[in-house]
>>> print(open('my_file.tsv').read())   # TSV, N, CA and C atoms
chain	number	residue	atom	x	y	z
F	1	GLN	N	11.98	-4.92	16.15
F	1	GLN	CA	12.02	-4.14	14.93
F	1	GLN	C	11.07	-4.77	13.91
F	2	VAL	N	10.28	-3.95	13.28
F	2	VAL	CA	9.34	-4.42	12.27
F	2	VAL	C	9.94	-4.19	10.90
F	3	GLN	N	9.87	-5.19	10.04
F	3	GLN	CA	10.35	-5.07	8.68
F	3	GLN	C	9.22	-5.34	7.70
F	4	LEU	N	9.19	-4.55	6.65
F	4	LEU	CA	8.16	-4.68	5.62
F	4	LEU	C	8.84	-4.99	4.29
F	5	VAL	N	8.37	-6.03	3.61
F	5	VAL	CA	8.95	-6.42	2.33
F	5	VAL	C	7.84	-6.58	1.30
F	6	GLU	N	7.92	-5.76	0.26
F	6	GLU	CA	6.92	-5.80	-0.80
F	6	GLU	C	7.32	-6.76	-1.90
F	7	SER	N	6.32	-7.27	-2.60
F	7	SER	CA	6.55	-8.12	-3.76
F	7	SER	C	5.34	-8.03	-4.68
F	8	GLY	N	5.51	-8.55	-5.90
F	8	GLY	CA	4.39	-8.61	-6.82
F	8	GLY	C	4.39	-7.57	-7.92
F	9	GLY	N	5.35	-6.67	-7.89
F	9	GLY	CA	5.41	-5.67	-8.95
F	9	GLY	C	5.87	-6.27	-10.26
F	10	GLY	N	5.81	-5.47	-11.31
F	10	GLY	CA	6.25	-5.95	-12.61
F	10	GLY	C	5.77	-5.05	-13.73
F	11	LEU	N	5.90	-5.56	-14.94
F	11	LEU	CA	5.48	-4.85	-16.14
F	11	LEU	C	4.16	-5.43	-16.63
F	12	VAL	N	3.19	-4.57	-16.87
F	12	VAL	CA	1.88	-5.02	-17.32
F	12	VAL	C	1.34	-4.02	-18.33
F	13	GLN	N	0.52	-4.50	-19.25
F	13	GLN	CA	-0.09	-3.60	-20.23
F	13	GLN	C	-1.27	-2.86	-19.60
F	14	ALA	N	-1.56	-1.72	-20.15
F	14	ALA	CA	-2.71	-0.95	-19.70
F	14	ALA	C	-3.97	-1.82	-19.76
F	15	GLY	N	-4.77	-1.73	-18.71
F	15	GLY	CA	-5.96	-2.55	-18.60
F	15	GLY	C	-5.74	-3.84	-17.84
F	16	GLY	N	-4.50	-4.16	-17.59
F	16	GLY	CA	-4.17	-5.40	-16.89
F	16	GLY	C	-4.27	-5.27	-15.38
F	17	SER	N	-3.86	-6.33	-14.70
F	17	SER	CA	-3.96	-6.39	-13.24
F	17	SER	C	-2.66	-6.87	-12.62
F	18	LEU	N	-2.44	-6.45	-11.40
F	18	LEU	CA	-1.35	-6.94	-10.57
F	18	LEU	C	-1.83	-7.01	-9.13
F	19	ARG	N	-1.22	-7.91	-8.37
F	19	ARG	CA	-1.50	-8.00	-6.95
F	19	ARG	C	-0.21	-7.84	-6.18
F	20	LEU	N	-0.12	-6.78	-5.41
F	20	LEU	CA	1.04	-6.54	-4.59
F	20	LEU	C	0.83	-7.14	-3.20
F	21	SER	N	1.93	-7.62	-2.64
F	21	SER	CA	1.91	-8.16	-1.29
F	21	SER	C	2.94	-7.43	-0.44
F	22	CYS	N	2.66	-7.33	0.83
F	22	CYS	CA	3.60	-6.74	1.78
F	22	CYS	C	3.67	-7.69	2.98
F	23	ALA	N	4.80	-8.33	3.16
F	23	ALA	CA	5.01	-9.23	4.29
F	23	ALA	C	5.62	-8.45	5.44
F	24	VAL	N	5.04	-8.61	6.61
F	24	VAL	CA	5.47	-7.84	7.78
F	24	VAL	C	6.01	-8.78	8.85
F	25	SER	N	7.21	-8.52	9.31
F	25	SER	CA	7.81	-9.35	10.35
F	25	SER	C	7.31	-8.91	11.72
F	26	GLY	N	7.43	-9.80	12.68
F	26	GLY	CA	7.05	-9.46	14.05
F	26	GLY	C	5.71	-10.06	14.44
F	27	ARG	N	5.48	-10.10	15.74
F	27	ARG	CA	4.28	-10.74	16.26
F	27	ARG	C	3.14	-9.78	16.52
F	28	THR	N	3.36	-8.50	16.21
F	28	THR	CA	2.37	-7.49	16.57
F	28	THR	C	1.70	-6.89	15.36
F	29	PHE	N	1.62	-7.65	14.26
F	29	PHE	CA	1.06	-7.11	13.02
F	29	PHE	C	-0.33	-6.54	13.24
F	30	GLY	N	-1.13	-7.20	14.03
F	30	GLY	CA	-2.50	-6.77	14.24
F	30	GLY	C	-2.64	-5.43	14.96
F	31	THR	N	-1.56	-4.93	15.50
F	31	THR	CA	-1.60	-3.64	16.18
F	31	THR	C	-1.28	-2.47	15.25
F	32	TYR	N	-0.99	-2.78	13.99
F	32	TYR	CA	-0.63	-1.74	13.03
F	32	TYR	C	-1.72	-1.55	11.98
F	33	ALA	N	-2.06	-0.32	11.74
F	33	ALA	CA	-2.82	0.03	10.55
F	33	ALA	C	-1.83	0.12	9.40
F	34	MET	N	-2.26	-0.22	8.21
F	34	MET	CA	-1.35	-0.35	7.09
F	34	MET	C	-1.79	0.52	5.92
F	35	ALA	N	-0.83	0.85	5.08
F	35	ALA	CA	-1.15	1.68	3.91
F	35	ALA	C	-0.20	1.37	2.77
F	36	TRP	N	-0.63	1.73	1.58
F	36	TRP	CA	0.21	1.70	0.39
F	36	TRP	C	0.37	3.13	-0.11
F	37	PHE	N	1.61	3.46	-0.45
F	37	PHE	CA	1.94	4.72	-1.10
F	37	PHE	C	2.67	4.41	-2.39
F	38	ARG	N	2.76	5.40	-3.27
F	38	ARG	CA	3.53	5.22	-4.49
F	38	ARG	C	4.27	6.50	-4.83
F	39	GLN	N	5.36	6.33	-5.56
F	39	GLN	CA	6.13	7.49	-6.00
F	39	GLN	C	6.64	7.26	-7.40
F	40	ALA	N	6.23	8.14	-8.29
F	40	ALA	CA	6.69	8.10	-9.68
F	40	ALA	C	7.92	8.99	-9.82
F	41	PRO	N	8.75	8.75	-10.84
F	41	PRO	CA	9.95	9.56	-11.04
F	41	PRO	C	9.61	11.04	-11.15
F	42	GLY	N	10.30	11.85	-10.38
F	42	GLY	CA	10.10	13.29	-10.45
F	42	GLY	C	8.87	13.79	-9.73
F	43	LYS	N	8.15	12.91	-9.06
F	43	LYS	CA	6.93	13.31	-8.36
F	43	LYS	C	7.04	13.01	-6.88
F	44	GLU	N	6.17	13.65	-6.10
F	44	GLU	CA	6.14	13.40	-4.67
F	44	GLU	C	5.45	12.07	-4.37
F	45	ARG	N	5.75	11.55	-3.19
F	45	ARG	CA	5.09	10.33	-2.75
F	45	ARG	C	3.59	10.59	-2.60
F	46	GLU	N	2.81	9.62	-3.03
F	46	GLU	CA	1.36	9.79	-3.10
F	46	GLU	C	0.66	8.66	-2.36
F	47	PHE	N	-0.33	9.02	-1.57
F	47	PHE	CA	-1.15	8.03	-0.88
F	47	PHE	C	-1.97	7.24	-1.89
F	48	VAL	N	-2.07	5.92	-1.68
F	48	VAL	CA	-2.87	5.07	-2.56
F	48	VAL	C	-4.07	4.49	-1.82
F	49	ALA	N	-3.79	3.79	-0.71
F	49	ALA	CA	-4.87	3.13	0.03
F	49	ALA	C	-4.40	2.81	1.44
F	50	ALA	N	-5.34	2.64	2.35
F	50	ALA	CA	-5.02	2.28	3.73
F	50	ALA	C	-6.09	1.38	4.29
F	51	ILE	N	-5.72	0.65	5.34
F	51	ILE	CA	-6.65	-0.30	5.95
F	51	ILE	C	-6.44	-0.31	7.46
F	52	SER	N	-7.54	-0.41	8.18
F	52	SER	CA	-7.48	-0.40	9.63
F	52	SER	C	-6.93	-1.72	10.18
F	53	ARG	N	-6.72	-1.75	11.49
F	53	ARG	CA	-6.16	-2.94	12.13
F	53	ARG	C	-7.03	-4.18	11.92
F	54	SER	N	-8.32	-4.01	11.98
F	54	SER	CA	-9.24	-5.13	11.82
F	54	SER	C	-9.51	-5.47	10.37
F	55	GLY	N	-9.22	-4.53	9.49
F	55	GLY	CA	-9.51	-4.71	8.08
F	55	GLY	C	-10.88	-4.18	7.68
F	56	VAL	N	-11.64	-3.72	8.64
F	56	VAL	CA	-13.00	-3.25	8.34
F	56	VAL	C	-12.96	-1.89	7.65
F	57	GLY	N	-12.09	-1.01	8.12
F	57	GLY	CA	-12.01	0.33	7.54
F	57	GLY	C	-10.98	0.40	6.43
F	58	THR	N	-11.39	0.93	5.28
F	58	THR	CA	-10.47	1.11	4.16
F	58	THR	C	-10.62	2.53	3.59
F	59	TYR	N	-9.52	3.03	3.05
F	59	TYR	CA	-9.48	4.37	2.49
F	59	TYR	C	-8.73	4.30	1.16
F	60	TYR	N	-9.17	5.10	0.20
F	60	TYR	CA	-8.56	5.09	-1.11
F	60	TYR	C	-8.37	6.51	-1.64
F	61	ALA	N	-7.31	6.69	-2.41
F	61	ALA	CA	-7.16	7.93	-3.17
F	61	ALA	C	-8.20	7.93	-4.27
F	62	ASP	N	-8.68	9.11	-4.62
F	62	ASP	CA	-9.69	9.21	-5.66
F	62	ASP	C	-9.21	8.62	-6.98
F	63	SER	N	-7.92	8.71	-7.23
F	63	SER	CA	-7.37	8.26	-8.51
F	63	SER	C	-7.41	6.73	-8.67
F	64	VAL	N	-7.58	6.00	-7.57
F	64	VAL	CA	-7.58	4.53	-7.66
F	64	VAL	C	-8.90	3.92	-7.21
F	65	LYS	N	-9.79	4.74	-6.70
F	65	LYS	CA	-11.06	4.24	-6.17
F	65	LYS	C	-11.82	3.50	-7.27
F	66	GLY	N	-12.30	2.30	-6.94
F	66	GLY	CA	-13.03	1.50	-7.90
F	66	GLY	C	-12.16	0.59	-8.73
F	67	ARG	N	-10.83	0.82	-8.68
F	67	ARG	CA	-9.90	-0.03	-9.45
F	67	ARG	C	-8.99	-0.84	-8.54
F	68	PHE	N	-8.62	-0.28	-7.40
F	68	PHE	CA	-7.71	-0.94	-6.46
F	68	PHE	C	-8.47	-1.39	-5.22
F	69	THR	N	-8.01	-2.49	-4.63
F	69	THR	CA	-8.60	-2.98	-3.39
F	69	THR	C	-7.50	-3.36	-2.42
F	70	ILE	N	-7.55	-2.80	-1.23
F	70	ILE	CA	-6.58	-3.15	-0.18
F	70	ILE	C	-7.22	-4.17	0.76
F	71	SER	N	-6.41	-5.12	1.20
F	71	SER	CA	-6.89	-6.12	2.14
F	71	SER	C	-5.73	-6.56	3.02
F	72	ARG	N	-6.04	-7.29	4.07
F	72	ARG	CA	-5.00	-7.78	4.96
F	72	ARG	C	-5.39	-9.14	5.51
F	73	ASP	N	-4.38	-9.91	5.87
F	73	ASP	CA	-4.58	-11.21	6.50
F	73	ASP	C	-3.73	-11.20	7.77
F	74	ASN	N	-4.37	-10.98	8.90
F	74	ASN	CA	-3.62	-10.86	10.15
F	74	ASN	C	-2.98	-12.17	10.57
F	75	ALA	N	-3.51	-13.29	10.11
F	75	ALA	CA	-2.92	-14.59	10.43
F	75	ALA	C	-1.62	-14.81	9.67
F	76	LYS	N	-1.49	-14.14	8.52
F	76	LYS	CA	-0.30	-14.30	7.69
F	76	LYS	C	0.63	-13.10	7.76
F	77	ASN	N	0.29	-12.12	8.59
F	77	ASN	CA	1.11	-10.90	8.69
F	77	ASN	C	1.34	-10.26	7.33
F	78	ALA	N	0.27	-10.08	6.59
F	78	ALA	CA	0.42	-9.55	5.23
F	78	ALA	C	-0.70	-8.60	4.88
F	79	VAL	N	-0.36	-7.66	4.03
F	79	VAL	CA	-1.33	-6.74	3.46
F	79	VAL	C	-1.16	-6.80	1.94
F	80	TYR	N	-2.28	-6.63	1.23
F	80	TYR	CA	-2.29	-6.80	-0.21
F	80	TYR	C	-2.88	-5.57	-0.89
F	81	LEU	N	-2.51	-5.41	-2.15
F	81	LEU	CA	-3.13	-4.38	-2.98
F	81	LEU	C	-3.45	-5.00	-4.33
F	82	GLN	N	-4.72	-5.26	-4.56
F	82	GLN	CA	-5.17	-5.76	-5.86
F	82	GLN	C	-5.41	-4.57	-6.77
F	83	MET	N	-4.72	-4.55	-7.90
F	83	MET	CA	-4.80	-3.42	-8.82
F	83	MET	C	-5.37	-3.91	-10.15
F	84	ASN	N	-6.52	-3.40	-10.51
F	84	ASN	CA	-7.17	-3.75	-11.76
F	84	ASN	C	-7.27	-2.53	-12.66
F	85	SER	N	-7.53	-2.77	-13.92
F	85	SER	CA	-7.70	-1.69	-14.90
F	85	SER	C	-6.54	-0.70	-14.81
F	86	LEU	N	-5.35	-1.22	-14.80
F	86	LEU	CA	-4.17	-0.37	-14.63
F	86	LEU	C	-3.99	0.59	-15.79
F	87	LYS	N	-3.48	1.77	-15.46
F	87	LYS	CA	-3.24	2.82	-16.44
F	87	LYS	C	-1.76	3.19	-16.43
F	88	PRO	N	-1.25	3.75	-17.52
F	88	PRO	CA	0.16	4.17	-17.53
F	88	PRO	C	0.50	5.11	-16.37
F	89	GLU	N	-0.45	5.93	-15.96
F	89	GLU	CA	-0.18	6.87	-14.87
F	89	GLU	C	-0.09	6.19	-13.50
F	90	ASP	N	-0.36	4.88	-13.45
F	90	ASP	CA	-0.16	4.12	-12.20
F	90	ASP	C	1.30	3.67	-12.05
F	91	THR	N	2.10	3.91	-13.06
F	91	THR	CA	3.51	3.53	-13.00
F	91	THR	C	4.21	4.26	-11.87
F	92	ALA	N	4.85	3.49	-10.98
F	92	ALA	CA	5.51	4.07	-9.81
F	92	ALA	C	6.16	2.95	-9.01
F	93	VAL	N	6.94	3.34	-8.02
F	93	VAL	CA	7.39	2.41	-6.99
F	93	VAL	C	6.35	2.43	-5.88
F	94	TYR	N	5.84	1.25	-5.55
F	94	TYR	CA	4.80	1.12	-4.53
F	94	TYR	C	5.41	0.61	-3.23
F	95	CYS	N	5.14	1.33	-2.14
F	95	CYS	CA	5.67	0.98	-0.82
F	95	CYS	C	4.53	0.77	0.15
F	96	CYS	N	4.72	-0.17	1.05
F	96	CYS	CA	3.75	-0.31	2.13
F	96	CYS	C	4.32	0.34	3.39
F	97	ALA	N	3.42	0.73	4.26
F	97	ALA	CA	3.81	1.43	5.48
F	97	ALA	C	2.92	0.99	6.62
F	98	ALA	N	3.46	1.05	7.83
F	98	ALA	CA	2.73	0.63	9.02
F	98	ALA	C	2.75	1.73	10.07
F	99	THR	N	1.64	1.88	10.75
F	99	THR	CA	1.58	2.84	11.84
F	99	THR	C	0.88	2.24	13.05
F	100	ALA	N	1.45	2.53	14.23
F	100	ALA	CA	0.82	2.11	15.48
F	100	ALA	C	-0.07	3.20	16.04
F	101	LYS	N	-0.05	4.35	15.42
F	101	LYS	CA	-0.81	5.49	15.90
F	101	LYS	C	-2.24	5.43	15.39
F	102	PHE	N	-3.13	6.07	16.11
F	102	PHE	CA	-4.52	6.17	15.69
F	102	PHE	C	-4.74	7.51	14.99
F	103	GLY	N	-5.70	7.50	14.08
F	103	GLY	CA	-6.05	8.74	13.40
F	103	GLY	C	-5.13	9.13	12.26
F	104	ILE	N	-4.32	8.18	11.80
F	104	ILE	CA	-3.35	8.49	10.74
F	104	ILE	C	-3.85	8.09	9.36
F	105	ILE	N	-4.37	6.86	9.23
F	105	ILE	CA	-4.62	6.32	7.89
F	105	ILE	C	-5.72	7.07	7.16
F	106	GLY	N	-6.59	7.73	7.86
F	106	GLY	CA	-7.66	8.45	7.18
F	106	GLY	C	-7.23	9.79	6.62
F	107	THR	N	-6.02	10.22	6.96
F	107	THR	CA	-5.58	11.55	6.53
F	107	THR	C	-5.05	11.54	5.10
F	108	GLY	N	-4.58	10.38	4.64
F	108	GLY	CA	-3.98	10.33	3.31
F	108	GLY	C	-2.58	10.90	3.25
F	109	ARG	N	-2.02	11.25	4.38
F	109	ARG	CA	-0.67	11.80	4.42
F	109	ARG	C	0.33	10.76	4.88
F	110	SER	N	1.59	10.93	4.49
F	110	SER	CA	2.62	9.97	4.84
F	110	SER	C	3.18	10.20	6.24
F	111	LEU	N	2.93	11.38	6.80
F	111	LEU	CA	3.43	11.69	8.13
F	111	LEU	C	2.72	10.83	9.16
F	112	GLY	N	3.49	10.23	10.07
F	112	GLY	CA	2.90	9.45	11.14
F	112	GLY	C	3.09	7.95	11.01
F	113	TYR	N	3.61	7.50	9.89
F	113	TYR	CA	3.86	6.08	9.73
F	113	TYR	C	5.20	5.73	10.39
F	114	ASP	N	5.22	4.57	11.04
F	114	ASP	CA	6.41	4.19	11.81
F	114	ASP	C	7.41	3.37	11.00
F	115	TYR	N	6.92	2.57	10.08
F	115	TYR	CA	7.80	1.68	9.32
F	115	TYR	C	7.42	1.71	7.85
F	116	TRP	N	8.45	1.57	7.00
F	116	TRP	CA	8.27	1.60	5.56
F	116	TRP	C	9.04	0.46	4.91
F	117	GLY	N	8.48	-0.09	3.84
F	117	GLY	CA	9.21	-1.03	3.03
F	117	GLY	C	10.02	-0.29	1.98
F	118	LYS	N	10.84	-1.02	1.25
F	118	LYS	CA	11.69	-0.41	0.23
F	118	LYS	C	10.96	-0.22	-1.09
F	119	GLY	N	9.90	-0.96	-1.29
F	119	GLY	CA	9.09	-0.75	-2.47
F	119	GLY	C	9.26	-1.79	-3.55
F	120	THR	N	8.28	-1.84	-4.44
F	120	THR	CA	8.31	-2.71	-5.61
F	120	THR	C	7.85	-1.90	-6.82
F	121	GLN	N	8.55	-2.09	-7.94
F	121	GLN	CA	8.28	-1.28	-9.14
F	121	GLN	C	7.08	-1.83	-9.89
F	122	VAL	N	6.17	-0.95	-10.24
F	122	VAL	CA	5.05	-1.27	-11.10
F	122	VAL	C	5.15	-0.40	-12.35
F	123	THR	N	5.19	-1.04	-13.51
F	123	THR	CA	5.27	-0.31	-14.77
F	123	THR	C	4.11	-0.73	-15.66
F	124	VAL	N	3.33	0.25	-16.09
F	124	VAL	CA	2.18	-0.01	-16.94
F	124	VAL	C	2.45	0.60	-18.31
F	125	SER	N	2.48	-0.25	-19.32
F	125	SER	CA	2.75	0.22	-20.68
F	125	SER	C	1.45	0.53	-21.40
F	126	SER	N	1.53	1.49	-22.30
F	126	SER	CA	0.32	1.90	-23.04
F	126	SER	C	0.16	1.10	-24.32
>>> encode(input="my_file.tsv", output="structure tokens")
Amino acid sequence: QVQLVESGGGLVQAGGSLRLSCAVSGRTFGTYAMAWFRQAPGKEREFVAAISRSGVGTYYADSVKGRFTISRDNAKNAVYLQMNSLKPEDTAVYCCAATAKFGIIGTGRSLGYDYWGKGTQVTVSS
């Protein structure tokens, strides 16, 4: 069983930065492509960013492109989301997700992910 645990959320002023981490249990981390999603109150879950198994391929939502960076460390079984120039509209619960399937992370959709974390709250004040 694979477990995902997010950390690094918090309260930050607009224009500030946060770095989210997602620790993944199990010995097969390198076989999973990873992604970050977010969900704000009253809104649907939204794709944020994704990264391929090797870390070479990355995908971003237009709303975060140029401000957020996804990365992974396969030796540490972890994926990260560096968030800069944060805006109040970035406020949400951020979850990481893992998929063993191919052709999923480029779609920007949540369908097809095998495992999900519980999330970490990010609040950006104006």
>>> closest_residue(input="my_file.tsv", among="F:Cys95, F:Cys22, F:Leu86, F:Ile104", to="Gly119 (chain F)", atoms="only N, CA and C atoms")
F:Cys95
>>> closest_residue(input="my_file.tsv", among="F:Ser17, F:Gln3, F:Thr107, F:Thr91", to="Val124 (chain F)", atoms="only C-alpha atoms")
F:Thr91
>>> residues_around(input="my_file.tsv", residues="Gly108 (chain F)", least_positions_apart="4", cutoff="7 Å", atoms="only N, CA and C atoms", output="list in words")
Glu46, Phe47, Val48 and Ile104 of chain F
>>> select_by_dssp(input="my_file.tsv", residues="chain F", states="strand (DSSP E or B)", output="PyMOL selection string")
chain F and resi 4-7+10-13+18-24+33-39+46-51+58-60+68-73+78-83+92-99+115-116+120-125
>>> atom_distance(input="my_file.tsv", atom1="atom C of Ile51 (chain F)", atom2="CA of Gln1 (chain F)")
20.3 Å
>>> atom_distance(input="my_file.tsv", atom1="CA of Gly106 (chain F)", atom2="atom N of Ala92 (chain F)")
22.6 Å
>>> closest_residue(input="my_file.tsv", among="F:Asp62, F:Asp90, F:Asp73, F:Glu44", to="Leu18 (chain F)", atoms="only C-alpha atoms")
F:Asp90
>>> closest_residue(input="my_file.tsv", among="F:Asn84, F:Lys76, F:Ile105, F:Tyr115", to="Tyr59 (chain F)", atoms="all atoms listed in the file")
F:Ile105
>>> residues_around(input="my_file.tsv", residues="Arg19 (chain F)", least_positions_apart="4", cutoff="6 Å", atoms="all atoms listed in the file", output="mmCIF file with N, CA and C atoms, keeping the file's coordinate frame")
data_model
loop_
_atom_site.group_PDB
_atom_site.id
_atom_site.type_symbol
_atom_site.label_atom_id
_atom_site.label_comp_id
_atom_site.auth_asym_id
_atom_site.auth_seq_id
_atom_site.Cartn_x
_atom_site.Cartn_y
_atom_site.Cartn_z
ATOM 1 N N SER F 7 6.320 -7.270 -2.600
ATOM 2 C CA SER F 7 6.550 -8.120 -3.760
ATOM 3 C C SER F 7 5.340 -8.030 -4.680
ATOM 4 N N GLY F 8 5.510 -8.550 -5.900
ATOM 5 C CA GLY F 8 4.390 -8.610 -6.820
ATOM 6 C C GLY F 8 4.390 -7.570 -7.920
ATOM 7 N N GLY F 9 5.350 -6.670 -7.890
ATOM 8 C CA GLY F 9 5.410 -5.670 -8.950
ATOM 9 C C GLY F 9 5.870 -6.270 -10.260
ATOM 10 N N LEU F 81 -2.510 -5.410 -2.150
ATOM 11 C CA LEU F 81 -3.130 -4.380 -2.980
ATOM 12 C C LEU F 81 -3.450 -5.000 -4.330
ATOM 13 N N GLN F 82 -4.720 -5.260 -4.560
ATOM 14 C CA GLN F 82 -5.170 -5.760 -5.860
ATOM 15 C C GLN F 82 -5.410 -4.570 -6.770
ATOM 16 N N MET F 83 -4.720 -4.550 -7.900
ATOM 17 C CA MET F 83 -4.800 -3.420 -8.820
ATOM 18 C C MET F 83 -5.370 -3.910 -10.150
#
>>> decode(input="my_file.tsv", residues="region 52-60 of chain F", atoms="all heavy atoms", output="mmCIF file, in the first residue's frame")
data_model
loop_
_atom_site.group_PDB
_atom_site.id
_atom_site.type_symbol
_atom_site.label_atom_id
_atom_site.label_comp_id
_atom_site.auth_asym_id
_atom_site.auth_seq_id
_atom_site.Cartn_x
_atom_site.Cartn_y
_atom_site.Cartn_z
ATOM 1 N N SER F 52 6.913 13.679 -14.393
ATOM 2 C CA SER F 52 7.087 12.307 -14.851
ATOM 3 C C SER F 52 7.937 11.495 -13.873
ATOM 4 O O SER F 52 8.494 12.030 -12.919
ATOM 5 C CB SER F 52 7.751 12.315 -16.223
ATOM 6 O OG SER F 52 9.076 12.840 -16.125
ATOM 7 N N ARG F 53 8.050 10.200 -14.141
ATOM 8 C CA ARG F 53 8.795 9.315 -13.257
ATOM 9 C C ARG F 53 10.257 9.721 -13.119
ATOM 10 O O ARG F 53 10.837 9.643 -12.050
ATOM 11 C CB ARG F 53 8.690 7.885 -13.785
ATOM 12 C CG ARG F 53 7.322 7.284 -13.626
ATOM 13 C CD ARG F 53 7.096 6.114 -14.567
ATOM 14 N NE ARG F 53 5.772 5.568 -14.397
ATOM 15 C CZ ARG F 53 4.675 6.135 -14.897
ATOM 16 N NH1 ARG F 53 4.764 7.239 -15.603
ATOM 17 N NH2 ARG F 53 3.489 5.572 -14.702
ATOM 18 N N SER F 54 10.851 10.156 -14.196
ATOM 19 C CA SER F 54 12.261 10.546 -14.175
ATOM 20 C C SER F 54 12.464 11.972 -13.693
ATOM 21 O O SER F 54 13.573 12.351 -13.328
ATOM 22 C CB SER F 54 12.845 10.422 -15.585
ATOM 23 O OG SER F 54 12.235 11.370 -16.442
ATOM 24 N N GLY F 55 11.403 12.750 -13.722
ATOM 25 C CA GLY F 55 11.505 14.153 -13.353
ATOM 26 C C GLY F 55 11.784 15.063 -14.539
ATOM 27 O O GLY F 55 11.802 16.282 -14.390
ATOM 28 N N VAL F 56 11.978 14.489 -15.693
ATOM 29 C CA VAL F 56 12.309 15.295 -16.874
ATOM 30 C C VAL F 56 11.079 16.033 -17.396
ATOM 31 O O VAL F 56 11.146 17.203 -17.775
ATOM 32 C CB VAL F 56 12.911 14.412 -17.977
ATOM 33 C CG1 VAL F 56 13.068 15.189 -19.272
ATOM 34 C CG2 VAL F 56 14.256 13.850 -17.513
ATOM 35 N N GLY F 57 9.945 15.341 -17.414
ATOM 36 C CA GLY F 57 8.722 15.952 -17.928
ATOM 37 C C GLY F 57 7.917 16.615 -16.830
ATOM 38 O O GLY F 57 7.653 16.009 -15.795
ATOM 39 N N THR F 58 7.544 17.877 -17.049
ATOM 40 C CA THR F 58 6.710 18.591 -16.086
ATOM 41 C C THR F 58 5.554 19.283 -16.815
ATOM 42 O O THR F 58 5.686 19.657 -17.985
ATOM 43 C CB THR F 58 7.502 19.647 -15.299
ATOM 44 O OG1 THR F 58 8.130 20.546 -16.225
ATOM 45 C CG2 THR F 58 8.570 18.997 -14.424
ATOM 46 N N TYR F 59 4.451 19.425 -16.105
ATOM 47 C CA TYR F 59 3.250 20.040 -16.653
ATOM 48 C C TYR F 59 2.683 20.995 -15.608
ATOM 49 O O TYR F 59 2.738 20.708 -14.414
ATOM 50 C CB TYR F 59 2.203 18.970 -16.977
ATOM 51 C CG TYR F 59 2.700 17.884 -17.900
ATOM 52 C CD1 TYR F 59 3.391 16.791 -17.401
ATOM 53 C CD2 TYR F 59 2.479 17.959 -19.277
ATOM 54 C CE1 TYR F 59 3.858 15.795 -18.243
ATOM 55 C CE2 TYR F 59 2.933 16.957 -20.119
ATOM 56 C CZ TYR F 59 3.626 15.884 -19.591
ATOM 57 O OH TYR F 59 4.082 14.899 -20.438
ATOM 58 N N TYR F 60 2.133 22.114 -16.072
ATOM 59 C CA TYR F 60 1.600 23.105 -15.159
ATOM 60 C C TYR F 60 0.262 23.630 -15.659
ATOM 61 O O TYR F 60 0.031 23.753 -16.867
ATOM 62 C CB TYR F 60 2.565 24.284 -15.021
ATOM 63 C CG TYR F 60 3.875 23.925 -14.389
ATOM 64 C CD1 TYR F 60 4.973 23.582 -15.178
ATOM 65 C CD2 TYR F 60 4.015 23.914 -13.007
ATOM 66 C CE1 TYR F 60 6.184 23.240 -14.600
ATOM 67 C CE2 TYR F 60 5.223 23.574 -12.417
ATOM 68 C CZ TYR F 60 6.299 23.236 -13.218
ATOM 69 O OH TYR F 60 7.500 22.896 -12.642
#
